[in-house]
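*Asks:* Structure file data-v8.pdb (PDB, C-alpha atoms) right here:
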```pdb
ATOM      1  CA  MET A   1     -28.207  -9.299 -45.072
ATOM      2  CA  THR A   2     -28.935 -11.564 -42.128
ATOM      3  CA  LYS A   3     -29.812 -10.288 -38.673
ATOM      4  CA  ASP A   4     -27.659 -12.752 -36.726
ATOM      5  CA  LYS A   5     -24.545 -10.665 -37.395
ATOM      6  CA  LYS A   6     -23.223  -7.763 -35.373
ATOM      7  CA  VAL A   7     -24.218  -4.520 -37.091
ATOM      8  CA  ALA A   8     -21.745  -1.646 -37.440
ATOM      9  CA  LEU A   9     -22.398   1.877 -38.695
ATOM     10  CA  ILE A  10     -19.429   3.932 -39.939
ATOM     11  CA  THR A  11     -19.470   7.652 -40.677
ATOM     12  CA  GLY A  12     -16.669   8.571 -43.058
ATOM     13  CA  ILE A  13     -16.706   5.097 -44.598
ATOM     14  CA  THR A  14     -15.373   6.419 -47.926
ATOM     15  CA  GLY A  15     -12.285   7.903 -46.244
ATOM     16  CA  GLN A  16      -8.927   6.320 -45.481
ATOM     17  CA  ASP A  17      -9.820   5.005 -42.017
ATOM     18  CA  GLY A  18     -13.379   4.120 -42.942
ATOM     19  CA  SER A  19     -12.261   1.875 -45.786
ATOM     20  CA  TYR A  20      -9.747  -0.028 -43.646
ATOM     21  CA  LEU A  21     -12.241  -0.348 -40.795
ATOM     22  CA  ALA A  22     -14.963  -1.617 -43.136
ATOM     23  CA  GLU A  23     -12.564  -4.291 -44.422
ATOM     24  CA  LEU A  24     -11.686  -5.353 -40.878
ATOM     25  CA  LEU A  25     -15.312  -5.579 -39.752
ATOM     26  CA  LEU A  26     -16.324  -7.562 -42.839
ATOM     27  CA  GLU A  27     -13.493 -10.007 -42.094
ATOM     28  CA  LYS A  28     -14.912 -10.381 -38.600
ATOM     29  CA  GLY A  29     -18.374 -11.190 -39.936
ATOM     30  CA  TYR A  30     -20.124  -7.865 -39.318
ATOM     31  CA  GLU A  31     -22.978  -6.403 -41.292
ATOM     32  CA  VAL A  32     -21.458  -3.058 -42.282
ATOM     33  CA  HIS A  33     -23.370   0.137 -42.979
ATOM     34  CA  GLY A  34     -21.828   3.465 -43.921
ATOM     35  CA  ILE A  35     -22.958   7.065 -44.118
ATOM     36  CA  MET A  36     -21.815   9.123 -47.076
ATOM     37  CA  ARG A  37     -22.602  12.585 -48.371
ATOM     38  CA  ARG A  38     -24.245  12.998 -51.737
ATOM     39  CA  ASN A  39     -21.705  14.242 -54.274
ATOM     40  CA  SER A  40     -21.784  14.997 -57.990
ATOM     41  CA  THR A  41     -18.646  12.888 -58.496
ATOM     42  CA  PHE A  42     -17.883   9.387 -57.251
ATOM     43  CA  THR A  43     -16.174   9.343 -53.847
ATOM     44  CA  THR A  44     -16.284   5.601 -53.248
ATOM     45  CA  GLY A  45     -12.930   4.692 -54.801
ATOM     46  CA  ARG A  46     -11.418   3.482 -51.519
ATOM     47  CA  ILE A  47     -14.264   0.986 -50.957
ATOM     48  CA  GLU A  48     -14.811  -0.062 -54.564
ATOM     49  CA  HIS A  49     -13.476  -3.570 -53.855
ATOM     50  CA  ILE A  50     -16.056  -4.100 -51.060
ATOM     51  CA  PHE A  51     -18.826  -1.940 -52.510
ATOM     52  CA  ASP A  52     -21.280  -4.829 -52.894
ATOM     53  CA  ARG A  53     -20.670  -6.019 -49.327
ATOM     54  CA  VAL A  54     -21.557  -2.810 -47.472
ATOM     55  CA  GLU A  55     -24.795  -0.858 -47.331
ATOM     56  CA  LEU A  56     -24.467   2.879 -47.872
ATOM     57  CA  HIS A  57     -26.865   5.572 -46.685
ATOM     58  CA  TYR A  58     -26.912   9.208 -47.709
ATOM     59  CA  GLY A  59     -26.518  11.470 -44.697
ATOM     60  CA  ASP A  60     -24.415  14.243 -43.232
ATOM     61  CA  LEU A  61     -23.067  15.130 -39.784
ATOM     62  CA  ALA A  62     -24.466  18.615 -40.404
ATOM     63  CA  ASP A  63     -28.010  17.199 -40.733
ATOM     64  CA  SER A  64     -29.466  15.737 -37.539
ATOM     65  CA  SER A  65     -32.631  14.432 -39.206
ATOM     66  CA  SER A  66     -30.629  12.194 -41.566
ATOM     67  CA  LEU A  67     -28.602  10.833 -38.642
ATOM     68  CA  GLN A  68     -31.735  10.121 -36.583
ATOM     69  CA  HIS A  69     -33.340   8.325 -39.514
ATOM     70  CA  ILE A  70     -30.284   6.205 -40.330
ATOM     71  CA  VAL A  71     -29.559   5.176 -36.734
ATOM     72  CA  ALA A  72     -33.217   4.257 -36.154
ATOM     73  CA  LYS A  73     -33.328   2.235 -39.374
ATOM     74  CA  VAL A  74     -29.985   0.417 -39.017
ATOM     75  CA  GLN A  75     -30.149  -0.234 -35.245
ATOM     76  CA  PRO A  76     -26.372  -0.658 -34.997
ATOM     77  CA  ASP A  77     -24.520  -2.529 -32.268
ATOM     78  CA  GLU A  78     -21.461  -0.342 -32.850
ATOM     79  CA  VAL A  79     -21.085   3.167 -34.292
ATOM     80  CA  TYR A  80     -17.732   4.510 -35.458
ATOM     81  CA  ASN A  81     -17.643   8.276 -35.993
ATOM     82  CA  LEU A  82     -14.780   8.819 -38.424
ATOM     83  CA  ALA A  83     -16.294  11.585 -40.554
ATOM     84  CA  ALA A  84     -14.962  15.129 -40.232
ATOM     85  CA  GLN A  85     -13.577  18.128 -42.035
ATOM     86  CA  SER A  86     -10.198  16.654 -41.250
ATOM     87  CA  HIS A  87      -7.636  18.931 -42.900
ATOM     88  CA  VAL A  88      -5.921  21.096 -40.286
ATOM     89  CA  LYS A  89      -4.712  23.847 -42.645
ATOM     90  CA  VAL A  90      -8.125  24.033 -44.373
ATOM     91  CA  SER A  91      -9.811  24.411 -40.976
ATOM     92  CA  PHE A  92      -8.333  27.918 -40.775
ATOM     93  CA  ASP A  93     -10.075  28.744 -44.085
ATOM     94  CA  VAL A  94     -13.448  27.215 -43.103
ATOM     95  CA  PRO A  95     -13.459  27.446 -39.287
ATOM     96  CA  GLU A  96     -17.234  27.668 -38.840
ATOM     97  CA  TYR A  97     -17.894  24.676 -41.107
ATOM     98  CA  THR A  98     -15.167  22.714 -39.314
ATOM     99  CA  ALA A  99     -16.741  23.476 -35.935
ATOM    100  CA  ASP A 100     -20.186  22.477 -37.198
ATOM    101  CA  VAL A 101     -19.178  19.144 -38.731
ATOM    102  CA  THR A 102     -16.132  18.067 -36.734
ATOM    103  CA  GLY A 103     -17.498  19.392 -33.437
ATOM    104  CA  THR A 104     -21.281  19.709 -33.353
ATOM    105  CA  GLY A 105     -21.648  16.795 -35.781
ATOM    106  CA  THR A 106     -20.498  14.448 -33.018
ATOM    107  CA  LEU A 107     -23.198  15.813 -30.713
ATOM    108  CA  ARG A 108     -25.860  15.246 -33.382
ATOM    109  CA  LEU A 109     -24.737  11.647 -33.813
ATOM    110  CA  LEU A 110     -24.627  11.000 -30.053
ATOM    111  CA  GLU A 111     -28.154  12.370 -29.720
ATOM    112  CA  ALA A 112     -29.358  10.124 -32.542
ATOM    113  CA  ILE A 113     -27.823   7.110 -30.790
ATOM    114  CA  ARG A 114     -29.177   8.111 -27.367
ATOM    115  CA  THR A 115     -32.713   8.396 -28.657
ATOM    116  CA  ALA A 116     -32.845   5.688 -31.338
ATOM    117  CA  ALA A 117     -30.247   3.038 -30.373
ATOM    118  CA  PRO A 118     -29.144   3.677 -26.765
ATOM    119  CA  LYS A 119     -27.440   0.300 -26.342
ATOM    120  CA  ALA A 120     -25.096   0.894 -29.276
ATOM    121  CA  LYS A 121     -21.400   1.246 -28.489
ATOM    122  CA  PHE A 122     -19.821   4.446 -29.803
ATOM    123  CA  TYR A 123     -16.305   5.200 -31.006
ATOM    124  CA  GLN A 124     -15.217   8.816 -31.447
ATOM    125  CA  ALA A 125     -12.201   9.549 -33.634
ATOM    126  CA  SER A 126     -10.301  11.970 -31.436
ATOM    127  CA  SER A 127      -6.999  13.409 -32.597
ATOM    128  CA  SER A 128      -3.468  14.158 -31.436
ATOM    129  CA  GLU A 129      -4.100  17.684 -32.796
ATOM    130  CA  MET A 130      -6.010  18.252 -29.544
ATOM    131  CA  PHE A 131      -2.623  18.373 -27.771
ATOM    132  CA  GLY A 132      -1.378  21.087 -30.154
ATOM    133  CA  LYS A 133       1.193  23.141 -28.260
ATOM    134  CA  VAL A 134       2.143  20.155 -26.168
ATOM    135  CA  LEU A 135       2.380  20.538 -22.401
ATOM    136  CA  GLU A 136       4.318  17.314 -21.854
ATOM    137  CA  VAL A 137       6.346  14.792 -23.861
ATOM    138  CA  PRO A 138       5.248  12.162 -24.720
ATOM    139  CA  GLN A 139       1.497  12.773 -24.690
ATOM    140  CA  THR A 140      -0.787  10.400 -22.757
ATOM    141  CA  GLU A 141      -4.485  10.162 -21.879
ATOM    142  CA  LYS A 142      -3.787  12.543 -18.972
ATOM    143  CA  THR A 143      -1.972  15.255 -20.956
ATOM    144  CA  PRO A 144      -3.927  18.560 -20.998
ATOM    145  CA  PHE A 145      -5.213  19.748 -24.371
ATOM    146  CA  TYR A 146      -3.911  22.900 -26.067
ATOM    147  CA  PRO A 147      -5.325  22.877 -29.624
ATOM    148  CA  ARG A 148      -3.709  25.149 -32.207
ATOM    149  CA  SER A 149      -6.313  25.105 -34.989
ATOM    150  CA  PRO A 150     -10.091  25.243 -35.493
ATOM    151  CA  TYR A 151      -9.844  21.516 -36.293
ATOM    152  CA  GLY A 152      -8.057  20.751 -33.027
ATOM    153  CA  ALA A 153     -10.532  22.861 -31.040
ATOM    154  CA  ALA A 154     -13.500  21.103 -32.684
ATOM    155  CA  LYS A 155     -11.983  17.722 -31.845
ATOM    156  CA  VAL A 156     -11.584  18.804 -28.199
ATOM    157  CA  TYR A 157     -15.313  19.581 -28.099
ATOM    158  CA  SER A 158     -16.109  16.186 -29.596
ATOM    159  CA  TYR A 159     -13.851  14.484 -27.053
ATOM    160  CA  TRP A 160     -15.568  16.127 -24.095
ATOM    161  CA  ILE A 161     -19.127  15.705 -25.384
ATOM    162  CA  THR A 162     -18.412  11.994 -25.930
ATOM    163  CA  LYS A 163     -17.130  11.715 -22.355
ATOM    164  CA  ASN A 164     -20.134  13.732 -21.152
ATOM    165  CA  TYR A 165     -22.635  11.393 -22.799
ATOM    166  CA  ARG A 166     -20.794   8.411 -21.349
ATOM    167  CA  GLU A 167     -21.065   9.794 -17.838
ATOM    168  CA  SER A 168     -24.508  11.394 -18.139
ATOM    169  CA  TYR A 169     -26.417   8.646 -19.958
ATOM    170  CA  ASP A 170     -24.317   5.562 -19.143
ATOM    171  CA  MET A 171     -23.503   5.127 -22.828
ATOM    172  CA  PHE A 172     -20.655   2.894 -23.947
ATOM    173  CA  ALA A 173     -18.673   5.696 -25.595
ATOM    174  CA  CYS A 174     -14.911   5.711 -26.228
ATOM    175  CA  ASN A 175     -12.421   8.263 -27.499
ATOM    176  CA  GLY A 176      -9.524   6.991 -29.555
ATOM    177  CA  ILE A 177      -6.860   9.709 -29.482
ATOM    178  CA  LEU A 178      -5.138   8.670 -32.680
ATOM    179  CA  PHE A 179      -1.836  10.189 -33.686
ATOM    180  CA  ASN A 180      -1.044  10.666 -37.375
ATOM    181  CA  HIS A 181      -1.809   7.534 -39.351
ATOM    182  CA  GLU A 182      -1.150   7.179 -43.046
ATOM    183  CA  SER A 183      -1.453   4.704 -45.912
ATOM    184  CA  PRO A 184      -1.573   4.502 -49.704
ATOM    185  CA  ARG A 185      -5.237   5.553 -49.302
ATOM    186  CA  ARG A 186      -4.357   8.838 -47.600
ATOM    187  CA  GLY A 187      -5.778  11.915 -49.331
ATOM    188  CA  GLU A 188      -3.299  13.564 -51.691
ATOM    189  CA  THR A 189      -3.487  16.965 -49.945
ATOM    190  CA  PHE A 190      -2.065  15.526 -46.697
ATOM    191  CA  VAL A 191       1.693  16.036 -46.411
ATOM    192  CA  THR A 192       2.754  12.375 -46.313
ATOM    193  CA  ARG A 193       0.795  11.420 -49.425
ATOM    194  CA  LYS A 194       1.747  14.670 -51.115
ATOM    195  CA  ILE A 195       5.394  13.635 -50.622
ATOM    196  CA  THR A 196       5.066  10.017 -51.777
ATOM    197  CA  ARG A 197       2.942  11.013 -54.766
ATOM    198  CA  ALA A 198       5.549  13.586 -55.787
ATOM    199  CA  VAL A 199       8.416  11.113 -55.295
ATOM    200  CA  ALA A 200       6.721   8.675 -57.664
ATOM    201  CA  ALA A 201       5.934  11.403 -60.206
ATOM    202  CA  ILE A 202       9.487  12.794 -60.099
ATOM    203  CA  LYS A 203      11.015   9.322 -60.425
ATOM    204  CA  LEU A 204       8.809   8.667 -63.457
ATOM    205  CA  GLY A 205       9.668  12.016 -65.052
ATOM    206  CA  LYS A 206       6.179  13.486 -64.627
ATOM    207  CA  GLN A 207       7.055  16.215 -62.085
ATOM    208  CA  ASP A 208      10.078  18.452 -61.367
ATOM    209  CA  LYS A 209       9.670  19.908 -57.884
ATOM    210  CA  LEU A 210       7.830  19.378 -54.603
ATOM    211  CA  TYR A 211       6.723  22.436 -52.613
ATOM    212  CA  LEU A 212       6.218  21.987 -48.861
ATOM    213  CA  GLY A 213       5.749  24.105 -45.741
ATOM    214  CA  ASN A 214       7.414  23.479 -42.365
ATOM    215  CA  LEU A 215      10.012  20.715 -42.761
ATOM    216  CA  ASP A 216      10.848  20.725 -39.042
ATOM    217  CA  ALA A 217       7.387  19.711 -37.779
ATOM    218  CA  LYS A 218       7.673  16.438 -35.865
ATOM    219  CA  ARG A 219       4.925  13.819 -36.012
ATOM    220  CA  ASP A 220       4.215  10.357 -34.665
ATOM    221  CA  TRP A 221       3.304   8.480 -37.858
ATOM    222  CA  GLY A 222       1.719   5.009 -37.990
ATOM    223  CA  PHE A 223      -0.170   2.835 -40.475
ATOM    224  CA  ALA A 224      -3.936   3.376 -40.694
ATOM    225  CA  GLY A 225      -4.554  -0.342 -41.162
ATOM    226  CA  ASP A 226      -3.006  -0.993 -37.729
ATOM    227  CA  TYR A 227      -4.934   1.828 -36.071
ATOM    228  CA  VAL A 228      -8.428   0.711 -37.110
ATOM    229  CA  GLU A 229      -7.829  -2.522 -35.206
ATOM    230  CA  ALA A 230      -7.372  -0.434 -32.045
ATOM    231  CA  MET A 231     -10.719   1.272 -32.737
ATOM    232  CA  TRP A 232     -12.457  -2.083 -32.913
ATOM    233  CA  LEU A 233     -10.708  -3.384 -29.791
ATOM    234  CA  MET A 234     -11.920  -0.392 -27.750
ATOM    235  CA  LEU A 235     -15.538  -1.392 -28.350
ATOM    236  CA  GLN A 236     -14.888  -5.029 -27.373
ATOM    237  CA  GLN A 237     -13.862  -4.169 -23.794
ATOM    238  CA  LYS A 238     -16.035  -4.648 -20.723
ATOM    239  CA  ASN A 239     -16.020  -0.925 -19.920
ATOM    240  CA  PRO A 240     -15.639   2.184 -22.082
ATOM    241  CA  ASP A 241     -12.468   4.245 -21.814
ATOM    242  CA  ASP A 242     -10.234   6.657 -23.726
ATOM    243  CA  TYR A 243      -6.986   5.566 -25.377
ATOM    244  CA  VAL A 244      -3.937   7.120 -27.033
ATOM    245  CA  VAL A 245      -3.042   5.184 -30.182
ATOM    246  CA  ALA A 246       0.474   5.941 -31.416
ATOM    247  CA  THR A 247       3.933   4.493 -32.113
ATOM    248  CA  ASN A 248       5.900   6.427 -29.451
ATOM    249  CA  GLU A 249       8.324   7.562 -32.193
ATOM    250  CA  THR A 250       8.551  10.995 -33.758
ATOM    251  CA  HIS A 251      10.022  12.030 -37.124
ATOM    252  CA  THR A 252      10.277  15.342 -38.961
ATOM    253  CA  VAL A 253       8.729  16.066 -42.340
ATOM    254  CA  ARG A 254      12.334  16.362 -43.527
ATOM    255  CA  GLU A 255      13.019  12.773 -42.413
ATOM    256  CA  PHE A 256       9.922  11.610 -44.279
ATOM    257  CA  CYS A 257      11.280  13.284 -47.413
ATOM    258  CA  GLU A 258      14.710  11.691 -46.928
ATOM    259  CA  LYS A 259      13.232   8.197 -46.601
ATOM    260  CA  ALA A 260      10.743   8.603 -49.445
ATOM    261  CA  PHE A 261      13.196  10.018 -52.004
ATOM    262  CA  GLY A 262      15.937   7.672 -50.778
ATOM    263  CA  HIS A 263      13.713   4.677 -51.454
ATOM    264  CA  VAL A 264      13.868   5.454 -55.189
ATOM    265  CA  GLY A 265      17.526   6.474 -55.189
ATOM    266  CA  LEU A 266      17.024  10.240 -55.230
ATOM    267  CA  ASN A 267      18.341  13.042 -53.002
ATOM    268  CA  TRP A 268      15.374  14.953 -51.585
ATOM    269  CA  GLU A 269      17.311  18.237 -51.430
ATOM    270  CA  ASP A 270      17.461  18.338 -55.231
ATOM    271  CA  TYR A 271      13.672  18.439 -55.529
ATOM    272  CA  VAL A 272      12.052  19.895 -52.390
ATOM    273  CA  GLN A 273      11.446  23.628 -52.036
ATOM    274  CA  VAL A 274       9.869  25.397 -49.080
ATOM    275  CA  ASP A 275       6.854  27.605 -49.820
ATOM    276  CA  GLU A 276       5.547  29.597 -46.864
ATOM    277  CA  LYS A 277       1.986  29.521 -48.197
ATOM    278  CA  TYR A 278       1.784  25.971 -46.833
ATOM    279  CA  ASN A 279       2.604  27.049 -43.265
ATOM    280  CA  ARG A 280      -0.199  27.105 -40.707
ATOM    281  CA  PRO A 281      -1.079  30.337 -38.849
ATOM    282  CA  ALA A 282      -0.267  28.482 -35.606
ATOM    283  CA  GLU A 283       2.074  25.505 -35.886
ATOM    284  CA  VAL A 284       2.107  22.275 -33.924
ATOM    285  CA  ASP A 285       5.820  21.594 -33.545
ATOM    286  CA  LEU A 286       5.990  18.185 -31.891
ATOM    287  CA  LEU A 287       3.647  15.234 -31.433
ATOM    288  CA  ILE A 288       4.640  11.895 -29.922
ATOM    289  CA  GLY A 289       2.150   9.604 -28.232
ATOM    290  CA  ASP A 290       2.613   7.035 -25.479
ATOM    291  CA  PRO A 291       0.294   4.085 -26.252
ATOM    292  CA  ALA A 292       1.093   2.211 -23.014
ATOM    293  CA  HIS A 293      -2.563   2.149 -21.899
ATOM    294  CA  ALA A 294      -3.721   0.719 -25.249
ATOM    295  CA  LYS A 295      -0.935  -1.860 -25.193
ATOM    296  CA  LYS A 296      -1.809  -2.977 -21.654
ATOM    297  CA  GLN A 297      -5.623  -2.866 -21.863
ATOM    298  CA  LEU A 298      -6.229  -3.724 -25.525
ATOM    299  CA  ASN A 299      -3.093  -5.781 -26.136
ATOM    300  CA  TRP A 300      -2.557  -3.568 -29.171
ATOM    301  CA  GLU A 301       0.648  -2.387 -30.754
ATOM    302  CA  PRO A 302       1.570  -1.124 -34.222
ATOM    303  CA  LYS A 303       2.952  -3.660 -36.697
ATOM    304  CA  ILE A 304       4.205  -1.427 -39.543
ATOM    305  CA  THR A 305       7.380   0.605 -38.888
ATOM    306  CA  PHE A 306       7.964   4.184 -40.012
ATOM    307  CA  GLU A 307      10.329   3.026 -42.772
ATOM    308  CA  GLY A 308       7.921   0.295 -43.817
ATOM    309  CA  LEU A 309       5.095   2.824 -44.028
ATOM    310  CA  VAL A 310       7.072   5.231 -46.217
ATOM    311  CA  LYS A 311       8.150   2.450 -48.584
ATOM    312  CA  MET A 312       4.602   1.061 -48.794
ATOM    313  CA  MET A 313       3.232   4.471 -49.778
ATOM    314  CA  VAL A 314       5.953   5.237 -52.331
ATOM    315  CA  ASP A 315       5.624   1.795 -53.941
ATOM    316  CA  ALA A 316       1.838   2.171 -54.191
ATOM    317  CA  ASP A 317       2.158   5.587 -55.859
ATOM    318  CA  LEU A 318       4.800   4.289 -58.284
ATOM    319  CA  GLU A 319       2.467   1.463 -59.258
ATOM    320  CA  ASP A 320      -0.492   3.820 -59.617
ATOM    321  CA  LEU A 321       1.314   6.450 -61.698
ATOM    322  CA  LYS A 322       3.437   4.281 -63.996
ATOM    323  CA  ASP A 323       0.639   3.742 -66.533
ATOM    324  CA  LYS A 324      -0.900   7.219 -66.307
TER
END
```
Translate this file's structure into structure tokens.

*Replies:*
Amino acid sequence: MTKDKKVALITGITGQDGSYLAELLLEKGYEVHGIMRRNSTFTTGRIEHIFDRVELHYGDLADSSSLQHIVAKVQPDEVYNLAAQSHVKVSFDVPEYTADVTGTGTLRLLEAIRTAAPKAKFYQASSSEMFGKVLEVPQTEKTPFYPRSPYGAAKVYSYWITKNYRESYDMFACNGILFNHESPRRGETFVTRKITRAVAAIKLGKQDKLYLGNLDAKRDWGFAGDYVEAMWLMLQQKNPDDYVVATNETHTVREFCEKAFGHVGLNWEDYVQVDEKYNRPAEVDLLIGDPAHAKKQLNWEPKITFEGLVKMMVDADLEDLKDK
């Protein structure tokens, strides 16, 4: 790899957002490096098509020495921290691990950058889950946080430590407060992909029922491929700042089911059953973000509609499952 390219380092490169971001940066001529955890099974499926164009390093947000070593070796111009224990419901089962990786992991990475590559620009993947029990509608960059899960609380810590390093050490560090963003690459335990996967399986005669938790939860859902562009744009600005990235629309889980099943000519009520085991101990009832600041400053807005997103995901799962 040549040294005349911009160098980007992505944590969580094997995840949904990491794979889309890696694609975008490669298109823009970057040299792309990613950090991945060692695993006994392959976890690189989402980046298989670009595997030979990115350089992967074994590391972990729980291990500061690996982060120091990688940052010093790569000398990135831009660092995107997308890695996390990112499942909200699971964060109640593993709260300490979630705090260590999703919270303290950000601090470890910031310290590695401060000491080994202080001129690098830093993007922190903040989350709409920080708003939790929302104190205003819609949510903006000025809305107070009220997290309702160990995941949300860990993300609040990461948000503030990123801001702290920006102000204390004059680092170019940004928080992207991203609302829910989905795609055919979304993990199958997340509710949107769980729905579209089940729709495809039911349509193909491979599954009978879909069991879900709270159907009334309202979320602001966008397409991950659109949202990674906002991440990149944040690090191209003259000054660092924090941005809400959202669609300014909200839909219930029930609506998602209606659209997904309707796309294949089925009535969702014939197949969906509520199982309380999927409910969270503390629910987040409503999320809807106002991306006005991102639109004005970054000239960013989402391209894929809610309906378009649902159809894209269902079609991808139909294609994937039809020969299995």

*Asks:* Could you give me, as a list in words, the residues within 6 Å of region 255-272 of chain A, counting all atoms listed in the file and dropping anything in the same chain fewer than 4 positions from it?

*Replies:*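 Here the qualifying residues turn out to be Val199, Lys209, Leu210, Tyr211 and Val310 of chain A.
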
*Asks:* Between CA of Pro144 (chain A) and CA of Leu82 (chain A), what is the spacing in Å?

*Replies:*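 Answer for the CA of Leu82 (chain A) to CA of Pro144 (chain A) separation: 22.7 Å.
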
*Asks:* Tell me which of A:Ser40, A:Thr11, A:Asn180, A:Gln124 sits closest to Leu286 (chain A), counting all atoms listed in the file.

*Replies:*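 Under the stated criterion, the closest residue is A:Asn180.
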
*Asks:* Point out the residue among A:Ile13, A:Ala117, A:Val7, A:Ala294 with the least atom-to-atom distance to Gly45 (chain A), counting only C-alpha atoms.

*Replies:*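 Comparing A:Ile13, A:Ala117, A:Val7, A:Ala294 against Gly45 (chain A), the winner is A:Ile13.
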
*Asks:* Kindly list the centre and edge lengths in Å, rounded to one decimal, for the axis-aligned box that covers all listed atoms of region 154-169 of chain A plus 6 Å on each of its six sides, as lines of an AutoDock Vina configuration file.

*Replies:*
```
center_x = -19.0
center_y = 14.8
center_z = -25.3
size_x = 26.8
size_y = 24.7
size_z = 26.8
```

*Asks:* Residues within 10 Å of Phe92 (chain A), please, as a VMD selection string. Count only C-alpha atoms; anything in the same chain fewer than 6 positions from it doesn't count.

*Replies:* chain A and resid 98 149 to 151 280 to 282

*Asks:* Rank nothing, just name the residue among A:Asp285, A:Glu301, A:Glu23, A:Asp275 nearest to Arg148 (chain A), using all atoms listed in the file.

*Replies:*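 Of all the options, A:Asp285 lies closest to Arg148 (chain A).
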
*Asks:* Translate the PyMOL selection byres ((chain A and resi 181) around 10) into a concrete residue list for this structure, as a ChimeraX atom specification.

*Replies:* /A:16-17,178-180,182-183,186,192,219-228,245-247,309

*Asks:* On this structure, which residues satisfy the PyMOL selection byres ((chain A and resi 10) around 10), written as an NGL selection string?

*Replies:* :A and (8-9 or 11-14 or 17-19 or 21-22 or 32-36 or 56 or 76 or 78-83 or 123)

*Asks:* Take the PyMOL selection byres ((chain A and resi 69-72) around 10), apply it to the structure above, and return the hits as number ranges by chain.

*Replies:* A: 9, 33-35, 57-59, 64-68, 73-76, 79, 109, 112-117, 120

*Asks:* For Val54 (chain A), which residue out of A:Leu287, A:Leu26, A:Val274, A:Leu233 is the nearest one, using all atoms listed in the file?

*Replies:*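 Looking only at the distances to Val54 (chain A), the closest residue turns out to be A:Leu26.
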
*Asks:* Grab the CA of Asp170 (chain A) to CA of Lys238 (chain A) distance for me, in Å with one decimal place.

*Replies:*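 So the two atoms, CA of Asp170 (chain A) and CA of Lys238 (chain A), lie 13.2 Å apart.
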
*Asks:* For a test of reading the model, state the distance in Å between CA of Glu141 (chain A) and CA of Thr104 (chain A), rounded to one decimal.

*Replies:*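 Atom-to-atom, CA of Glu141 (chain A) to CA of Thr104 (chain A), that is 22.5 Å.
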
*Asks:* With 12 Å as the threshold, what does the neighbourhood of (1.8, 6.0, -63.1) contain in terms of residues, counting only C-alpha atoms? Coordinates are those of the file; answer as a VMD selection string.

*Replies:* chain A and resid 197 to 207 314 to 324

*Asks:* Would you fill the gaps in region 82-91 of chain A so it has N, CA, C and O atoms, then print it as a CSV table (one decimal), in the frame of the given file?

*Replies:*
```csv
chain,number,residue,atom,x,y,z
A,82,LEU,N,-16.1,8.5,-37.8
A,82,LEU,CA,-14.8,8.8,-38.4
A,82,LEU,C,-14.9,10.0,-39.3
A,82,LEU,O,-13.9,10.5,-39.8
A,83,ALA,N,-16.1,10.5,-39.6
A,83,ALA,CA,-16.3,11.6,-40.6
A,83,ALA,C,-15.9,12.9,-39.9
A,83,ALA,O,-16.1,13.1,-38.7
A,84,ALA,N,-15.4,13.8,-40.7
A,84,ALA,CA,-15.0,15.1,-40.2
A,84,ALA,C,-14.5,16.0,-41.4
A,84,ALA,O,-14.1,15.4,-42.5
A,85,GLN,N,-14.4,17.3,-41.2
A,85,GLN,CA,-13.6,18.1,-42.0
A,85,GLN,C,-12.2,18.0,-41.4
A,85,GLN,O,-11.9,18.5,-40.3
A,86,SER,N,-11.4,17.2,-42.0
A,86,SER,CA,-10.2,16.7,-41.2
A,86,SER,C,-8.9,17.3,-41.6
A,86,SER,O,-7.8,16.8,-41.2
A,87,HIS,N,-8.9,18.3,-42.5
A,87,HIS,CA,-7.6,18.9,-42.9
A,87,HIS,C,-7.3,20.1,-42.0
A,87,HIS,O,-8.1,21.1,-42.0
A,88,VAL,N,-6.2,20.1,-41.3
A,88,VAL,CA,-5.9,21.1,-40.3
A,88,VAL,C,-5.8,22.5,-40.9
A,88,VAL,O,-6.3,23.5,-40.5
A,89,LYS,N,-4.9,22.6,-42.0
A,89,LYS,CA,-4.7,23.8,-42.6
A,89,LYS,C,-6.0,24.4,-43.2
A,89,LYS,O,-6.3,25.6,-43.1
A,90,VAL,N,-6.9,23.6,-43.8
A,90,VAL,CA,-8.1,24.0,-44.4
A,90,VAL,C,-9.1,24.5,-43.3
A,90,VAL,O,-9.9,25.4,-43.5
A,91,SER,N,-8.9,24.0,-42.1
A,91,SER,CA,-9.8,24.4,-41.0
A,91,SER,C,-9.7,25.9,-40.6
A,91,SER,O,-10.6,26.5,-40.1
```
